[in-house]
file run29.txt (compact mmCIF, N, CA and C atoms)
# COMPACT_ATOMS: atom_id res chain seq x y z
N MET S 22 81.20 171.84 -11.91
CA MET S 22 82.09 171.81 -13.06
C MET S 22 81.32 171.26 -14.24
N LYS S 23 81.40 171.95 -15.34
CA LYS S 23 80.73 171.53 -16.57
C LYS S 23 81.74 170.83 -17.48
N ILE S 24 81.36 169.66 -17.99
CA ILE S 24 82.20 168.94 -18.94
C ILE S 24 81.52 169.03 -20.29
N ARG S 25 82.25 169.47 -21.30
CA ARG S 25 81.68 169.64 -22.64
C ARG S 25 82.76 169.37 -23.69
N PHE S 26 82.30 169.22 -24.94
CA PHE S 26 83.25 169.09 -26.03
C PHE S 26 83.90 170.45 -26.30
N ALA S 27 85.16 170.42 -26.68
CA ALA S 27 85.91 171.64 -26.98
C ALA S 27 85.32 172.34 -28.19
N GLU S 28 85.47 173.65 -28.18
CA GLU S 28 85.08 174.50 -29.31
C GLU S 28 86.31 175.28 -29.75
N GLU S 29 86.26 175.82 -30.95
CA GLU S 29 87.42 176.54 -31.51
C GLU S 29 87.88 177.66 -30.57
N LYS S 30 86.96 178.31 -29.88
CA LYS S 30 87.31 179.42 -28.98
C LYS S 30 88.17 178.95 -27.80
N ASP S 31 88.23 177.64 -27.56
CA ASP S 31 88.98 177.08 -26.44
C ASP S 31 90.44 176.79 -26.75
N LEU S 32 90.84 176.94 -28.00
CA LEU S 32 92.18 176.49 -28.42
C LEU S 32 93.32 177.10 -27.62
N SER S 33 93.27 178.39 -27.35
CA SER S 33 94.36 179.01 -26.58
C SER S 33 94.46 178.41 -25.19
N SER S 34 93.32 178.18 -24.56
CA SER S 34 93.31 177.57 -23.23
C SER S 34 93.81 176.13 -23.28
N ILE S 35 93.43 175.39 -24.31
CA ILE S 35 93.89 174.01 -24.46
C ILE S 35 95.41 173.98 -24.60
N ILE S 36 95.94 174.89 -25.37
CA ILE S 36 97.39 174.94 -25.56
C ILE S 36 98.10 175.27 -24.25
N GLU S 37 97.55 176.19 -23.47
CA GLU S 37 98.14 176.49 -22.16
C GLU S 37 98.09 175.27 -21.25
N LEU S 38 96.99 174.52 -21.30
CA LEU S 38 96.89 173.30 -20.50
C LEU S 38 97.87 172.24 -21.00
N CYS S 39 98.04 172.14 -22.30
CA CYS S 39 99.01 171.19 -22.86
C CYS S 39 100.42 171.52 -22.37
N LYS S 40 100.74 172.81 -22.36
CA LYS S 40 102.06 173.23 -21.89
C LYS S 40 102.24 172.87 -20.41
N ALA S 41 101.22 173.14 -19.59
CA ALA S 41 101.29 172.80 -18.17
C ALA S 41 101.37 171.29 -17.98
N HIS S 42 100.65 170.55 -18.80
CA HIS S 42 100.66 169.08 -18.74
C HIS S 42 102.06 168.56 -19.06
N ALA S 43 102.67 169.08 -20.10
CA ALA S 43 104.03 168.67 -20.49
C ALA S 43 105.02 168.97 -19.36
N GLN S 44 104.92 170.15 -18.77
CA GLN S 44 105.81 170.51 -17.66
C GLN S 44 105.60 169.56 -16.48
N TYR S 45 104.34 169.25 -16.19
CA TYR S 45 104.01 168.36 -15.08
C TYR S 45 104.62 166.97 -15.30
N GLU S 46 104.64 166.53 -16.56
CA GLU S 46 105.20 165.22 -16.89
C GLU S 46 106.69 165.29 -17.28
N LYS S 47 107.30 166.43 -16.99
CA LYS S 47 108.73 166.64 -17.21
C LYS S 47 109.13 166.41 -18.66
N SER S 48 108.30 166.94 -19.56
CA SER S 48 108.55 166.82 -21.01
C SER S 48 108.65 168.21 -21.62
N SER S 49 109.10 168.25 -22.85
CA SER S 49 109.17 169.52 -23.56
C SER S 49 107.88 169.75 -24.33
N PHE S 50 107.64 171.00 -24.69
CA PHE S 50 106.44 171.36 -25.44
C PHE S 50 106.76 172.55 -26.32
N LYS S 51 106.46 172.42 -27.60
CA LYS S 51 106.67 173.52 -28.55
C LYS S 51 105.31 174.05 -28.97
N GLU S 52 105.13 175.36 -28.83
CA GLU S 52 103.84 175.98 -29.12
C GLU S 52 103.62 176.28 -30.61
N GLU S 53 104.67 176.32 -31.39
CA GLU S 53 104.54 176.75 -32.79
C GLU S 53 103.53 175.90 -33.56
N ASN S 54 102.65 176.57 -34.26
CA ASN S 54 101.61 175.98 -35.11
C ASN S 54 100.58 175.13 -34.35
N LYS S 55 100.56 175.18 -33.03
CA LYS S 55 99.64 174.32 -32.28
C LYS S 55 98.18 174.71 -32.53
N ILE S 56 97.88 175.99 -32.65
CA ILE S 56 96.49 176.39 -32.89
C ILE S 56 96.01 175.80 -34.22
N GLN S 57 96.80 175.94 -35.27
CA GLN S 57 96.41 175.41 -36.58
C GLN S 57 96.31 173.89 -36.55
N LEU S 58 97.29 173.23 -35.96
CA LEU S 58 97.31 171.77 -35.95
C LEU S 58 96.18 171.19 -35.11
N LEU S 59 96.00 171.71 -33.90
CA LEU S 59 94.92 171.19 -33.07
C LEU S 59 93.56 171.46 -33.69
N SER S 60 93.41 172.63 -34.27
CA SER S 60 92.15 172.95 -34.95
C SER S 60 91.89 171.97 -36.08
N LYS S 61 92.92 171.67 -36.83
CA LYS S 61 92.81 170.74 -37.96
C LYS S 61 92.37 169.35 -37.49
N TYR S 62 92.95 168.87 -36.40
CA TYR S 62 92.66 167.50 -35.98
C TYR S 62 91.45 167.37 -35.06
N ILE S 63 91.26 168.32 -34.17
CA ILE S 63 90.15 168.21 -33.22
C ILE S 63 88.81 168.57 -33.85
N PHE S 64 88.80 169.56 -34.75
CA PHE S 64 87.53 170.06 -35.27
C PHE S 64 87.18 169.60 -36.67
N ASP S 65 88.03 168.81 -37.28
CA ASP S 65 87.72 168.23 -38.58
C ASP S 65 86.62 167.19 -38.39
N PRO S 66 85.49 167.32 -39.11
CA PRO S 66 84.38 166.37 -38.92
C PRO S 66 84.77 164.92 -39.24
N ASN S 67 85.82 164.72 -40.03
CA ASN S 67 86.26 163.36 -40.37
C ASN S 67 87.31 162.82 -39.39
N SER S 68 87.70 163.64 -38.42
CA SER S 68 88.72 163.22 -37.47
C SER S 68 88.13 162.30 -36.42
N ASN S 69 88.94 161.39 -35.97
CA ASN S 69 88.58 160.44 -34.93
C ASN S 69 88.87 161.00 -33.53
N ILE S 70 89.57 162.12 -33.45
CA ILE S 70 90.03 162.68 -32.18
C ILE S 70 88.94 163.54 -31.55
N LYS S 71 88.70 163.30 -30.26
CA LYS S 71 87.71 164.05 -29.50
C LYS S 71 88.43 164.77 -28.37
N CYS S 72 87.91 165.93 -27.99
CA CYS S 72 88.50 166.71 -26.90
C CYS S 72 87.38 167.19 -25.98
N LEU S 73 87.50 166.87 -24.71
CA LEU S 73 86.56 167.36 -23.69
C LEU S 73 87.23 168.46 -22.88
N ILE S 74 86.41 169.37 -22.41
CA ILE S 74 86.86 170.50 -21.60
C ILE S 74 86.14 170.44 -20.26
N ALA S 75 86.87 170.71 -19.19
CA ALA S 75 86.26 170.91 -17.87
C ALA S 75 86.24 172.41 -17.63
N GLU S 76 85.05 172.95 -17.42
CA GLU S 76 84.89 174.40 -17.32
C GLU S 76 84.17 174.78 -16.03
N SER S 77 84.75 175.72 -15.31
CA SER S 77 84.13 176.28 -14.12
C SER S 77 83.79 177.72 -14.43
N ASP S 78 82.51 178.03 -14.47
CA ASP S 78 82.05 179.35 -14.92
C ASP S 78 82.60 179.60 -16.32
N THR S 79 83.55 180.51 -16.46
CA THR S 79 84.12 180.76 -17.79
C THR S 79 85.59 180.36 -17.87
N GLU S 80 86.12 179.74 -16.81
CA GLU S 80 87.53 179.33 -16.83
C GLU S 80 87.64 177.85 -17.16
N ILE S 81 88.52 177.55 -18.10
CA ILE S 81 88.77 176.16 -18.46
C ILE S 81 89.79 175.60 -17.48
N MET S 82 89.40 174.53 -16.79
CA MET S 82 90.19 173.96 -15.71
C MET S 82 90.92 172.68 -16.12
N GLY S 83 90.55 172.08 -17.26
CA GLY S 83 91.19 170.86 -17.67
C GLY S 83 90.70 170.39 -19.02
N TYR S 84 91.34 169.35 -19.52
CA TYR S 84 90.97 168.80 -20.82
C TYR S 84 91.30 167.32 -20.88
N ALA S 85 90.67 166.65 -21.82
CA ALA S 85 91.00 165.25 -22.12
C ALA S 85 90.85 165.06 -23.62
N THR S 86 91.77 164.32 -24.21
CA THR S 86 91.66 163.94 -25.61
C THR S 86 91.67 162.42 -25.71
N PHE S 87 90.90 161.91 -26.64
CA PHE S 87 90.77 160.46 -26.78
C PHE S 87 90.34 160.11 -28.19
N PHE S 88 90.59 158.86 -28.59
CA PHE S 88 90.24 158.42 -29.93
C PHE S 88 90.11 156.91 -29.97
N LYS S 89 89.38 156.44 -30.93
CA LYS S 89 89.09 155.02 -31.10
C LYS S 89 90.23 154.34 -31.85
N GLN S 90 90.63 153.15 -31.33
CA GLN S 90 91.66 152.35 -31.98
C GLN S 90 91.22 150.89 -32.02
N PHE S 91 91.94 150.09 -32.79
CA PHE S 91 91.59 148.69 -32.95
C PHE S 91 92.63 147.80 -32.27
N SER S 92 92.16 146.76 -31.58
CA SER S 92 93.03 145.76 -30.97
C SER S 92 92.90 144.45 -31.72
N THR S 93 93.98 144.00 -32.33
CA THR S 93 93.98 142.71 -33.02
C THR S 93 93.76 141.58 -32.02
N TRP S 94 94.42 141.65 -30.87
CA TRP S 94 94.28 140.60 -29.85
C TRP S 94 92.84 140.41 -29.42
N ASN S 95 92.14 141.53 -29.23
CA ASN S 95 90.74 141.45 -28.77
C ASN S 95 89.75 141.41 -29.93
N ALA S 96 90.25 141.57 -31.14
CA ALA S 96 89.39 141.62 -32.34
C ALA S 96 88.24 142.59 -32.13
N GLY S 97 88.58 143.76 -31.63
CA GLY S 97 87.57 144.78 -31.39
C GLY S 97 88.21 146.13 -31.13
N TYR S 98 87.36 147.12 -31.01
CA TYR S 98 87.83 148.49 -30.81
C TYR S 98 87.98 148.82 -29.34
N TYR S 99 88.86 149.76 -29.06
CA TYR S 99 89.00 150.32 -27.73
C TYR S 99 89.19 151.83 -27.86
N MET S 100 88.96 152.54 -26.77
CA MET S 100 89.18 153.98 -26.75
C MET S 100 90.52 154.23 -26.07
N TYR S 101 91.33 155.06 -26.68
CA TYR S 101 92.61 155.43 -26.10
C TYR S 101 92.54 156.88 -25.61
N VAL S 102 92.80 157.09 -24.34
CA VAL S 102 92.85 158.44 -23.77
C VAL S 102 94.29 158.90 -23.87
N ASP S 103 94.51 159.88 -24.73
CA ASP S 103 95.86 160.40 -24.94
C ASP S 103 96.26 161.34 -23.82
N CYS S 104 95.37 162.23 -23.44
CA CYS S 104 95.67 163.21 -22.40
C CYS S 104 94.47 163.39 -21.48
N LEU S 105 94.76 163.51 -20.21
CA LEU S 105 93.80 163.96 -19.21
C LEU S 105 94.60 164.81 -18.25
N PHE S 106 94.24 166.09 -18.17
CA PHE S 106 94.98 167.00 -17.30
C PHE S 106 94.03 168.00 -16.71
N LEU S 107 94.17 168.21 -15.41
CA LEU S 107 93.39 169.21 -14.68
C LEU S 107 94.34 170.15 -13.96
N LYS S 108 93.99 171.43 -13.91
CA LYS S 108 94.75 172.35 -13.09
C LYS S 108 94.71 171.85 -11.65
N GLU S 109 95.74 172.17 -10.90
CA GLU S 109 95.85 171.65 -9.54
C GLU S 109 94.62 171.95 -8.69
N ASN S 110 94.07 173.15 -8.82
CA ASN S 110 92.91 173.52 -7.99
C ASN S 110 91.61 172.86 -8.47
N ALA S 111 91.67 172.08 -9.55
CA ALA S 111 90.48 171.37 -10.04
C ALA S 111 90.57 169.88 -9.71
N ARG S 112 91.64 169.47 -9.07
CA ARG S 112 91.83 168.06 -8.73
C ARG S 112 91.18 167.74 -7.38
N GLY S 113 90.74 166.50 -7.25
CA GLY S 113 90.23 166.04 -5.97
C GLY S 113 88.77 166.38 -5.69
N ASN S 114 88.06 166.92 -6.69
CA ASN S 114 86.66 167.28 -6.47
C ASN S 114 85.70 166.49 -7.36
N GLY S 115 86.19 165.43 -8.00
CA GLY S 115 85.32 164.60 -8.83
C GLY S 115 85.33 164.94 -10.31
N THR S 116 86.05 165.96 -10.71
CA THR S 116 86.07 166.37 -12.12
C THR S 116 86.71 165.30 -12.99
N GLY S 117 87.84 164.75 -12.56
CA GLY S 117 88.49 163.69 -13.33
C GLY S 117 87.59 162.49 -13.51
N LYS S 118 86.88 162.13 -12.45
CA LYS S 118 85.95 161.00 -12.54
C LYS S 118 84.81 161.32 -13.51
N GLN S 119 84.31 162.54 -13.46
CA GLN S 119 83.25 162.97 -14.41
C GLN S 119 83.72 162.81 -15.85
N ILE S 120 84.93 163.26 -16.11
CA ILE S 120 85.49 163.17 -17.46
C ILE S 120 85.62 161.70 -17.87
N MET S 121 86.19 160.89 -17.01
CA MET S 121 86.38 159.48 -17.34
C MET S 121 85.04 158.76 -17.53
N GLU S 122 84.04 159.10 -16.74
CA GLU S 122 82.72 158.48 -16.90
C GLU S 122 82.10 158.87 -18.24
N LEU S 123 82.28 160.12 -18.66
CA LEU S 123 81.76 160.55 -19.96
C LEU S 123 82.50 159.82 -21.09
N ILE S 124 83.80 159.68 -20.96
CA ILE S 124 84.56 158.92 -21.96
C ILE S 124 84.07 157.48 -21.99
N ARG S 125 83.74 156.93 -20.85
CA ARG S 125 83.21 155.56 -20.78
C ARG S 125 81.88 155.46 -21.53
N VAL S 126 80.99 156.40 -21.33
CA VAL S 126 79.69 156.41 -22.02
C VAL S 126 79.91 156.52 -23.53
N LEU S 127 80.77 157.44 -23.94
CA LEU S 127 81.04 157.63 -25.36
C LEU S 127 81.71 156.39 -25.97
N SER S 128 82.53 155.71 -25.18
CA SER S 128 83.19 154.49 -25.64
C SER S 128 82.16 153.39 -25.90
N LYS S 129 81.23 153.24 -24.99
CA LYS S 129 80.16 152.24 -25.18
C LYS S 129 79.36 152.55 -26.44
N GLU S 130 79.05 153.83 -26.66
CA GLU S 130 78.29 154.23 -27.84
C GLU S 130 79.03 153.88 -29.13
N GLN S 131 80.37 153.86 -29.07
CA GLN S 131 81.18 153.57 -30.25
C GLN S 131 81.63 152.10 -30.30
N ASP S 132 80.99 151.26 -29.52
CA ASP S 132 81.25 149.82 -29.51
C ASP S 132 82.69 149.48 -29.11
N CYS S 133 83.23 150.26 -28.19
CA CYS S 133 84.58 149.97 -27.68
C CYS S 133 84.46 149.06 -26.48
N GLN S 134 85.37 148.09 -26.41
CA GLN S 134 85.33 147.09 -25.35
C GLN S 134 86.08 147.53 -24.09
N ILE S 135 87.00 148.46 -24.24
CA ILE S 135 87.85 148.85 -23.12
C ILE S 135 88.39 150.25 -23.39
N ILE S 136 88.85 150.90 -22.33
CA ILE S 136 89.52 152.20 -22.44
C ILE S 136 90.95 151.99 -21.96
N GLN S 137 91.91 152.54 -22.70
CA GLN S 137 93.31 152.42 -22.33
C GLN S 137 93.93 153.81 -22.24
N TRP S 138 94.96 153.94 -21.40
CA TRP S 138 95.74 155.16 -21.29
C TRP S 138 97.02 154.83 -20.56
N GLN S 139 97.86 155.82 -20.39
CA GLN S 139 99.10 155.63 -19.65
C GLN S 139 99.42 156.88 -18.86
N THR S 140 100.25 156.72 -17.86
CA THR S 140 100.74 157.85 -17.09
C THR S 140 102.15 157.51 -16.61
N PRO S 141 102.99 158.49 -16.42
CA PRO S 141 104.34 158.19 -15.95
C PRO S 141 104.31 157.54 -14.56
N SER S 142 105.27 156.69 -14.29
CA SER S 142 105.30 155.97 -13.01
C SER S 142 105.46 156.92 -11.83
N PHE S 143 106.03 158.11 -12.04
CA PHE S 143 106.20 159.06 -10.95
C PHE S 143 104.92 159.84 -10.64
N ASN S 144 103.89 159.71 -11.47
CA ASN S 144 102.64 160.45 -11.26
C ASN S 144 101.74 159.66 -10.29
N THR S 145 102.16 159.61 -9.06
CA THR S 145 101.47 158.78 -8.07
C THR S 145 100.04 159.25 -7.79
N GLY S 146 99.79 160.55 -7.88
CA GLY S 146 98.43 161.05 -7.68
C GLY S 146 97.49 160.49 -8.73
N ALA S 147 97.92 160.51 -9.99
CA ALA S 147 97.08 159.97 -11.07
C ALA S 147 96.91 158.47 -10.91
N ILE S 148 97.97 157.78 -10.54
CA ILE S 148 97.89 156.32 -10.37
C ILE S 148 96.87 155.97 -9.28
N LYS S 149 96.88 156.70 -8.18
CA LYS S 149 95.90 156.47 -7.11
C LYS S 149 94.49 156.76 -7.61
N PHE S 150 94.32 157.85 -8.36
CA PHE S 150 93.01 158.19 -8.91
C PHE S 150 92.51 157.08 -9.82
N TYR S 151 93.33 156.62 -10.75
CA TYR S 151 92.90 155.58 -11.69
C TYR S 151 92.56 154.29 -10.96
N SER S 152 93.31 153.97 -9.92
CA SER S 152 93.00 152.78 -9.13
C SER S 152 91.65 152.94 -8.41
N ARG S 153 91.39 154.12 -7.89
CA ARG S 153 90.11 154.38 -7.20
C ARG S 153 88.91 154.23 -8.12
N ILE S 154 89.07 154.57 -9.41
CA ILE S 154 87.91 154.43 -10.30
C ILE S 154 87.78 153.01 -10.85
N GLY S 155 88.69 152.12 -10.44
CA GLY S 155 88.57 150.72 -10.81
C GLY S 155 89.41 150.27 -11.99
N ALA S 156 90.34 151.12 -12.43
CA ALA S 156 91.20 150.74 -13.56
C ALA S 156 92.27 149.77 -13.09
N GLU S 157 92.67 148.88 -13.99
CA GLU S 157 93.74 147.92 -13.72
C GLU S 157 95.02 148.38 -14.41
N ARG S 158 96.15 148.08 -13.80
CA ARG S 158 97.45 148.46 -14.35
C ARG S 158 98.09 147.32 -15.10
N LYS S 159 98.84 147.69 -16.12
CA LYS S 159 99.69 146.74 -16.85
C LYS S 159 100.99 147.48 -17.15
N ASN S 160 102.06 146.96 -16.62
CA ASN S 160 103.35 147.61 -16.84
C ASN S 160 103.88 147.26 -18.22
N LYS S 161 104.23 148.30 -18.95
CA LYS S 161 104.84 148.16 -20.28
C LYS S 161 105.79 149.32 -20.45
N GLU S 162 106.69 149.17 -21.36
CA GLU S 162 107.57 150.27 -21.74
C GLU S 162 107.01 150.93 -22.99
N ARG S 163 107.09 152.23 -23.04
CA ARG S 163 106.64 152.96 -24.23
C ARG S 163 107.87 153.42 -24.99
N PHE S 164 107.84 153.23 -26.30
CA PHE S 164 108.95 153.60 -27.17
C PHE S 164 108.55 154.72 -28.09
N PHE S 165 109.52 155.52 -28.50
CA PHE S 165 109.32 156.62 -29.45
C PHE S 165 110.34 156.45 -30.56
N TRP S 166 109.88 156.42 -31.78
CA TRP S 166 110.75 156.24 -32.93
C TRP S 166 110.42 157.31 -33.95
N LYS S 167 111.30 158.26 -34.14
CA LYS S 167 111.03 159.37 -35.06
C LYS S 167 111.06 158.89 -36.50
N VAL S 168 110.17 159.46 -37.31
CA VAL S 168 110.13 159.14 -38.74
C VAL S 168 110.47 160.35 -39.56
call {"tool": "encode", "arguments": {"input": "run29.txt", "output": "structure tokens"}}
result
Amino acid sequence: MKIRFAEEKDLSSIIELCKAHAQYEKSSFKEENKIQLLSKYIFDPNSNIKCLIAESDTEIMGYATFFKQFSTWNAGYYMYVDCLFLKENARGNGTGKQIMELIRVLSKEQDCQIIQWQTPSFNTGAIKFYSRIGAERKNKERFFWKV
């Protein structure tokens, strides 16, 4: 499995993976304007958002998005992984670990002290995976407030 940064040609596949990811997490997903919006944010040279692709031959099997944020408590930066999703047939073969290790390397290069992310409590497969790679859990509630 090859892990690389996303390119504009990958947008349709990324959107399909986003839709599958949303369904997997029992959430809704609207496709309208996603190509334009993702292109604007992922490929803008001034954007902080990064996107990795897991590719097997010519098929995209998964993606991860992440970006640098600041922690007042730690008085330093951390990397936040917004999404990590692999097609079912790409799970369990080390691809997720490869992606997380690359994010770890990139985080160190950007002077980040820690990597943070979240997953729903019902996603037991992901929770086991994150525990296996040495991540620690902290239970918190996530809130959404529309503006």
call {"tool": "residues_around", "arguments": {"input": "run29.txt", "residues": "Ile36 of chain S", "least_positions_apart": "6", "cutoff": "8 Å", "atoms": "all atoms listed in the file", "output": "PDB file with N, CA and C atoms, in the frame of the given file"}}
result
ATOM      1  N   HIS S  42     100.650 170.550 -18.800  1.00  0.00           N
ATOM      2  CA  HIS S  42     100.660 169.080 -18.740  1.00  0.00           C
ATOM      3  C   HIS S  42     102.060 168.560 -19.060  1.00  0.00           C
ATOM      4  N   GLU S  52     105.130 175.360 -28.830  1.00  0.00           N
ATOM      5  CA  GLU S  52     103.840 175.980 -29.120  1.00  0.00           C
ATOM      6  C   GLU S  52     103.620 176.280 -30.610  1.00  0.00           C
ATOM      7  N   LYS S  55     100.560 175.180 -33.030  1.00  0.00           N
ATOM      8  CA  LYS S  55      99.640 174.320 -32.280  1.00  0.00           C
ATOM      9  C   LYS S  55      98.180 174.710 -32.530  1.00  0.00           C
ATOM     10  N   ILE S  56      97.880 175.990 -32.650  1.00  0.00           N
ATOM     11  CA  ILE S  56      96.490 176.390 -32.890  1.00  0.00           C
ATOM     12  C   ILE S  56      96.010 175.800 -34.220  1.00  0.00           C
TER      13      ILE S  56
END
call {"tool": "residues_around", "arguments": {"input": "run29.txt", "residues": "Gly117 of chain S", "least_positions_apart": "4", "cutoff": "8 Å", "atoms": "all atoms listed in the file", "output": "number ranges by chain"}}
result
S: 105-107, 111-113, 121-123
call {"tool": "closest_residue", "arguments": {"input": "run29.txt", "among": "S:Ser77, S:Ile70, S:Phe164, S:Leu32", "to": "Gln57 of chain S", "atoms": "only C-alpha atoms"}}
result
S:Leu32
call {"tool": "atom_distance", "arguments": {"input": "run29.txt", "atom1": "atom N of Lys118 of chain S", "atom2": "atom N of Tyr99 of chain S"}}
result
20.8 Å
call {"tool": "residues_around", "arguments": {"input": "run29.txt", "residues": "Asp132 of chain S", "least_positions_apart": "2", "cutoff": "8 Å", "atoms": "all atoms listed in the file", "output": "list in words"}}
result
Gly97, Tyr98, Tyr99, Met100, Leu127, Ser128, Lys129, Glu130, Gln134 and Ile135 of chain S
call {"tool": "write_last_selection", "arguments": {"input": "run29.txt", "atoms": "N, CA and C atoms", "output": "tab-separated table (two decimals), in the frame of the given file"}}
result
chain	number	residue	atom	x	y	z
S	97	GLY	N	88.58	143.76	-31.63
S	97	GLY	CA	87.57	144.78	-31.39
S	97	GLY	C	88.21	146.13	-31.13
S	98	TYR	N	87.36	147.12	-31.01
S	98	TYR	CA	87.83	148.49	-30.81
S	98	TYR	C	87.98	148.82	-29.34
S	99	TYR	N	88.86	149.76	-29.06
S	99	TYR	CA	89.00	150.32	-27.73
S	99	TYR	C	89.19	151.83	-27.86
S	100	MET	N	88.96	152.54	-26.77
S	100	MET	CA	89.18	153.98	-26.75
S	100	MET	C	90.52	154.23	-26.07
S	127	LEU	N	80.77	157.44	-23.94
S	127	LEU	CA	81.04	157.63	-25.36
S	127	LEU	C	81.71	156.39	-25.97
S	128	SER	N	82.53	155.71	-25.18
S	128	SER	CA	83.19	154.49	-25.64
S	128	SER	C	82.16	153.39	-25.90
S	129	LYS	N	81.23	153.24	-24.99
S	129	LYS	CA	80.16	152.24	-25.18
S	129	LYS	C	79.36	152.55	-26.44
S	130	GLU	N	79.05	153.83	-26.66
S	130	GLU	CA	78.29	154.23	-27.84
S	130	GLU	C	79.03	153.88	-29.13
S	134	GLN	N	85.37	148.09	-26.41
S	134	GLN	CA	85.33	147.09	-25.35
S	134	GLN	C	86.08	147.53	-24.09
S	135	ILE	N	87.00	148.46	-24.24
S	135	ILE	CA	87.85	148.85	-23.12
S	135	ILE	C	88.39	150.25	-23.39
call {"tool": "closest_residue", "arguments": {"input": "run29.txt", "among": "S:Phe150, S:Tyr101, S:Trp138, S:Phe88", "to": "Thr116 of chain S", "atoms": "only C-alpha atoms"}}
result
S:Phe150
call {"tool": "axis_aligned_box", "arguments": {"input": "run29.txt", "around": "segment 83-92 of chain S", "padding_each_side": "5 Å", "output": "JSON"}}
result
{"center_x": 91.1, "center_y": 158.3, "center_z": -25.1, "size_x": 13.9, "size_y": 37.6, "size_z": 25.7}
call {"tool": "build_atoms", "arguments": {"input": "run29.txt", "residues": "segment 128-141 of chain S", "atoms": "N, CA, C and O atoms", "output": "PDB file, keeping the file's coordinate frame"}}
result
ATOM      1  N   SER S 128      82.530 155.710 -25.180  1.00  0.00           N
ATOM      2  CA  SER S 128      83.190 154.490 -25.640  1.00  0.00           C
ATOM      3  C   SER S 128      82.160 153.390 -25.900  1.00  0.00           C
ATOM      4  O   SER S 128      82.237 152.684 -26.913  1.00  0.00           O
ATOM      5  N   LYS S 129      81.230 153.240 -24.990  1.00  0.00           N
ATOM      6  CA  LYS S 129      80.160 152.240 -25.180  1.00  0.00           C
ATOM      7  C   LYS S 129      79.360 152.550 -26.440  1.00  0.00           C
ATOM      8  O   LYS S 129      79.029 151.646 -27.202  1.00  0.00           O
ATOM      9  N   GLU S 130      79.050 153.830 -26.660  1.00  0.00           N
ATOM     10  CA  GLU S 130      78.290 154.230 -27.840  1.00  0.00           C
ATOM     11  C   GLU S 130      79.030 153.880 -29.130  1.00  0.00           C
ATOM     12  O   GLU S 130      78.414 153.649 -30.157  1.00  0.00           O
ATOM     13  N   GLN S 131      80.370 153.860 -29.070  1.00  0.00           N
ATOM     14  CA  GLN S 131      81.180 153.570 -30.250  1.00  0.00           C
ATOM     15  C   GLN S 131      81.630 152.100 -30.300  1.00  0.00           C
ATOM     16  O   GLN S 131      82.546 151.757 -31.022  1.00  0.00           O
ATOM     17  N   ASP S 132      80.990 151.260 -29.520  1.00  0.00           N
ATOM     18  CA  ASP S 132      81.250 149.820 -29.510  1.00  0.00           C
ATOM     19  C   ASP S 132      82.690 149.480 -29.110  1.00  0.00           C
ATOM     20  O   ASP S 132      83.279 148.541 -29.633  1.00  0.00           O
ATOM     21  N   CYS S 133      83.230 150.260 -28.190  1.00  0.00           N
ATOM     22  CA  CYS S 133      84.580 149.970 -27.680  1.00  0.00           C
ATOM     23  C   CYS S 133      84.460 149.060 -26.480  1.00  0.00           C
ATOM     24  O   CYS S 133      83.598 149.243 -25.621  1.00  0.00           O
ATOM     25  N   GLN S 134      85.370 148.090 -26.410  1.00  0.00           N
ATOM     26  CA  GLN S 134      85.330 147.090 -25.350  1.00  0.00           C
ATOM     27  C   GLN S 134      86.080 147.530 -24.090  1.00  0.00           C
ATOM     28  O   GLN S 134      85.835 147.002 -23.009  1.00  0.00           O
ATOM     29  N   ILE S 135      87.000 148.460 -24.240  1.00  0.00           N
ATOM     30  CA  ILE S 135      87.850 148.850 -23.120  1.00  0.00           C
ATOM     31  C   ILE S 135      88.390 150.250 -23.390  1.00  0.00           C
ATOM     32  O   ILE S 135      88.385 150.721 -24.527  1.00  0.00           O
ATOM     33  N   ILE S 136      88.850 150.900 -22.330  1.00  0.00           N
ATOM     34  CA  ILE S 136      89.520 152.200 -22.440  1.00  0.00           C
ATOM     35  C   ILE S 136      90.950 151.990 -21.960  1.00  0.00           C
ATOM     36  O   ILE S 136      91.179 151.345 -20.936  1.00  0.00           O
ATOM     37  N   GLN S 137      91.910 152.540 -22.700  1.00  0.00           N
ATOM     38  CA  GLN S 137      93.310 152.420 -22.330  1.00  0.00           C
ATOM     39  C   GLN S 137      93.930 153.810 -22.240  1.00  0.00           C
ATOM     40  O   GLN S 137      93.508 154.729 -22.927  1.00  0.00           O
ATOM     41  N   TRP S 138      94.960 153.940 -21.400  1.00  0.00           N
ATOM     42  CA  TRP S 138      95.740 155.160 -21.290  1.00  0.00           C
ATOM     43  C   TRP S 138      97.020 154.830 -20.560  1.00  0.00           C
ATOM     44  O   TRP S 138      97.222 153.687 -20.166  1.00  0.00           O
ATOM     45  N   GLN S 139      97.860 155.820 -20.390  1.00  0.00           N
ATOM     46  CA  GLN S 139      99.100 155.630 -19.650  1.00  0.00           C
ATOM     47  C   GLN S 139      99.420 156.880 -18.860  1.00  0.00           C
ATOM     48  O   GLN S 139      98.890 157.954 -19.159  1.00  0.00           O
ATOM     49  N   THR S 140     100.250 156.720 -17.860  1.00  0.00           N
ATOM     50  CA  THR S 140     100.740 157.850 -17.090  1.00  0.00           C
ATOM     51  C   THR S 140     102.150 157.510 -16.610  1.00  0.00           C
ATOM     52  O   THR S 140     102.455 156.316 -16.437  1.00  0.00           O
ATOM     53  N   PRO S 141     102.990 158.490 -16.420  1.00  0.00           N
ATOM     54  CA  PRO S 141     104.340 158.190 -15.950  1.00  0.00           C
ATOM     55  C   PRO S 141     104.310 157.540 -14.560  1.00  0.00           C
ATOM     56  O   PRO S 141     103.430 157.847 -13.746  1.00  0.00           O
TER      57      PRO S 141
END
